[in-house]
Amino acid sequence: MRTYLKNIAQVPQAFDGQIASTGFCVIRLKESLNKKFYFYLALSDQFINPLSKIQRGTSYPAVRNSDVLEQKVPLPPRPEQDRIVAKLEETFTQLEAGVAELGNAKAQLKRYRAAVLKSAVEGELTREWREAHQGEIEPAETLLARILSARWEKWESEGGRGNYNEPTAPNTDDLPELPDGWVWASVAQLADVTGGLTVNRKRNSHSLKMPYLRVANVYANELRLDEVKTIAKKYRELLFIKPTEKKIVEIFDL
């Protein structure tokens, strides 16, 4: 069943003569053959791909025993079978050692990356630059005040409906000291945080289709956009444009 998964195992001597499910095709090779050679051959694409093409069924795609037994396989001389297996296992050992080394290197790289990020957010990476430009840099306190002022002005320019919600500043009592010129801020002070839209059948009737990001597109440190879905929206849900503005007509009449 599902030959492409390569769920193939070599039965050890301890389980010789046991009973197997009919979901498996059990191959018992002649004693004059190197069993490991044909085990490795059965794992190869050259053996699996022809079988995968003739699988039957949709829920449980499978091949028959007769399909497996009809496969054509090479038959090298026995000494060459032995030599191929020895070389394979030597190569596999080297590969496993290489994978282990890569795993160690990856772990070290992860620790180094974490250390660099920690230095960055604590200001250590720019310490020398900051000391060389003292008095030339706008303090972050001034920058934050300008951001909050711009937020207020934007709210007023859009009609000032309802009460203005001033973003909450963080409580810095338990926070570490920052470099000179830095200040603590909350995400709410520095960004507009919005929620997403629920995907449901009712949306299919809306004519406006727009791409949207799913959790499946977000991986560690990157977005993968090979497969981007679309979602149907109403024009009034485009929060960055007022429905009363002529712009919305200009954009969607392009």
# chains A, B, ... in the order shown; residues from 1 in each chain; ligands from 1
call {"tool": "select_by_dssp", "arguments": {"residues": "region 13-252 of chain A", "states": "strand (DSSP E)", "output": "list of chain:residue names"}}
result
A:Leu208, A:Lys209, A:Met210, A:Pro211, A:Tyr212, A:Val218, A:Tyr219, A:Glu222, A:Leu223, A:Lys229, A:Thr230, A:Ile231, A:Ala232, A:Lys233
call {"tool": "write_last_selection", "arguments": {"atoms": "N, CA and C atoms", "output": "tab-separated table (two decimals), in the first residue's frame"}}
result
chain	number	residue	atom	x	y	z
A	208	LEU	N	-14.95	41.21	-5.16
A	208	LEU	CA	-13.56	41.61	-4.98
A	208	LEU	C	-12.75	40.47	-4.38
A	209	LYS	N	-11.74	40.00	-5.09
A	209	LYS	CA	-10.89	38.91	-4.61
A	209	LYS	C	-9.48	39.45	-4.36
A	210	MET	N	-8.97	39.22	-3.17
A	210	MET	CA	-7.65	39.73	-2.81
A	210	MET	C	-6.80	38.62	-2.20
A	211	PRO	N	-5.49	38.64	-2.42
A	211	PRO	CA	-4.62	37.63	-1.80
A	211	PRO	C	-4.53	37.85	-0.29
A	212	TYR	N	-4.37	36.77	0.46
A	212	TYR	CA	-4.21	36.91	1.90
A	212	TYR	C	-3.23	35.87	2.43
A	218	VAL	N	3.56	31.10	6.81
A	218	VAL	CA	4.53	31.67	7.73
A	218	VAL	C	5.41	30.57	8.33
A	219	TYR	N	6.71	30.68	8.07
A	219	TYR	CA	7.69	29.74	8.62
A	219	TYR	C	8.69	30.52	9.47
A	222	GLU	N	10.69	33.52	7.80
A	222	GLU	CA	10.41	33.77	6.40
A	222	GLU	C	8.94	33.53	6.06
A	223	LEU	N	8.51	34.16	4.95
A	223	LEU	CA	7.22	33.87	4.35
A	223	LEU	C	7.45	33.03	3.11
A	229	LYS	N	-3.50	32.00	-1.26
A	229	LYS	CA	-4.93	31.92	-1.49
A	229	LYS	C	-5.52	33.33	-1.64
A	230	THR	N	-6.75	33.41	-2.17
A	230	THR	CA	-7.45	34.68	-2.25
A	230	THR	C	-8.69	34.62	-1.37
A	231	ILE	N	-9.13	35.79	-0.95
A	231	ILE	CA	-10.33	35.89	-0.12
A	231	ILE	C	-11.25	36.95	-0.73
A	232	ALA	N	-12.55	36.69	-0.71
A	232	ALA	CA	-13.52	37.65	-1.23
A	232	ALA	C	-13.81	38.70	-0.15
A	233	LYS	N	-13.83	39.98	-0.57
A	233	LYS	CA	-14.02	41.07	0.38
A	233	LYS	C	-15.06	42.05	-0.13
call {"tool": "closest_residue", "arguments": {"among": "A:Met1, A:Val11, A:Leu41, A:Val121", "to": "Ser59 (chain A)", "atoms": "only C-alpha atoms"}}
result
A:Met1
call {"tool": "residues_around", "arguments": {"residues": "region 63-70 of chain A", "least_positions_apart": "6", "cutoff": "9 Å", "atoms": "only C-alpha atoms", "output": "ChimeraX atom specification"}}
result
/A:1-3,24-27,51-52,54-56
call {"tool": "residues_around", "arguments": {"residues": "Glu138 (chain A)", "least_positions_apart": "5", "cutoff": "10 Å", "atoms": "only C-alpha atoms", "output": "JSON, numbers by chain"}}
result
{"A": [143, 181, 182]}
call {"tool": "residues_around", "arguments": {"residues": "Gly123 (chain A)", "least_positions_apart": "3", "cutoff": "12 Å", "atoms": "only C-alpha atoms", "output": "PyMOL selection string"}}
result
chain A and resi 116-120+126-131+177-183
call {"tool": "write_last_selection", "arguments": {"atoms": "C-alpha atoms", "output": "short mmCIF file (atom, residue, chain, number, x, y, z; two decimals), in the first residue's frame"}}
result
data_model
loop_
_atom_site.label_atom_id
_atom_site.label_comp_id
_atom_site.auth_asym_id
_atom_site.auth_seq_id
_atom_site.Cartn_x
_atom_site.Cartn_y
_atom_site.Cartn_z
CA VAL A 116 23.66 38.30 17.87
CA LEU A 117 19.95 39.15 18.13
CA LYS A 118 20.33 39.71 21.88
CA SER A 119 23.28 42.06 21.24
CA ALA A 120 21.27 43.89 18.59
CA THR A 126 25.97 49.74 17.63
CA ARG A 127 27.76 50.84 20.79
CA GLU A 128 30.86 52.15 18.97
CA TRP A 129 28.76 53.85 16.28
CA ARG A 130 26.57 55.47 18.94
CA GLU A 131 29.58 56.76 20.86
CA GLU A 177 18.09 49.69 31.36
CA LEU A 178 18.48 50.72 27.72
CA PRO A 179 21.41 52.54 26.05
CA ASP A 180 21.41 56.35 26.11
CA GLY A 181 18.94 57.74 23.59
CA TRP A 182 16.73 54.64 23.61
CA VAL A 183 13.26 54.35 25.19
#
call {"tool": "atom_distance", "arguments": {"atom1": "CA of Thr172 (chain A)", "atom2": "CA of Trp184 (chain A)"}}
result
7.2 Å
call {"tool": "closest_residue", "arguments": {"among": "A:Arg28, A:Gln189, A:Asp226, A:Pro139", "to": "Trp152 (chain A)", "atoms": "only C-alpha atoms"}}
result
A:Gln189
call {"tool": "closest_residue", "arguments": {"among": "A:Phe47, A:Phe92, A:Tyr60, A:Tyr112", "to": "Lys6 (chain A)", "atoms": "only C-alpha atoms"}}
result
A:Phe47
call {"tool": "closest_residue", "arguments": {"among": "A:Gln81, A:Thr22, A:Asn49, A:Asn7", "to": "Lys35 (chain A)", "atoms": "only C-alpha atoms"}}
result
A:Gln81
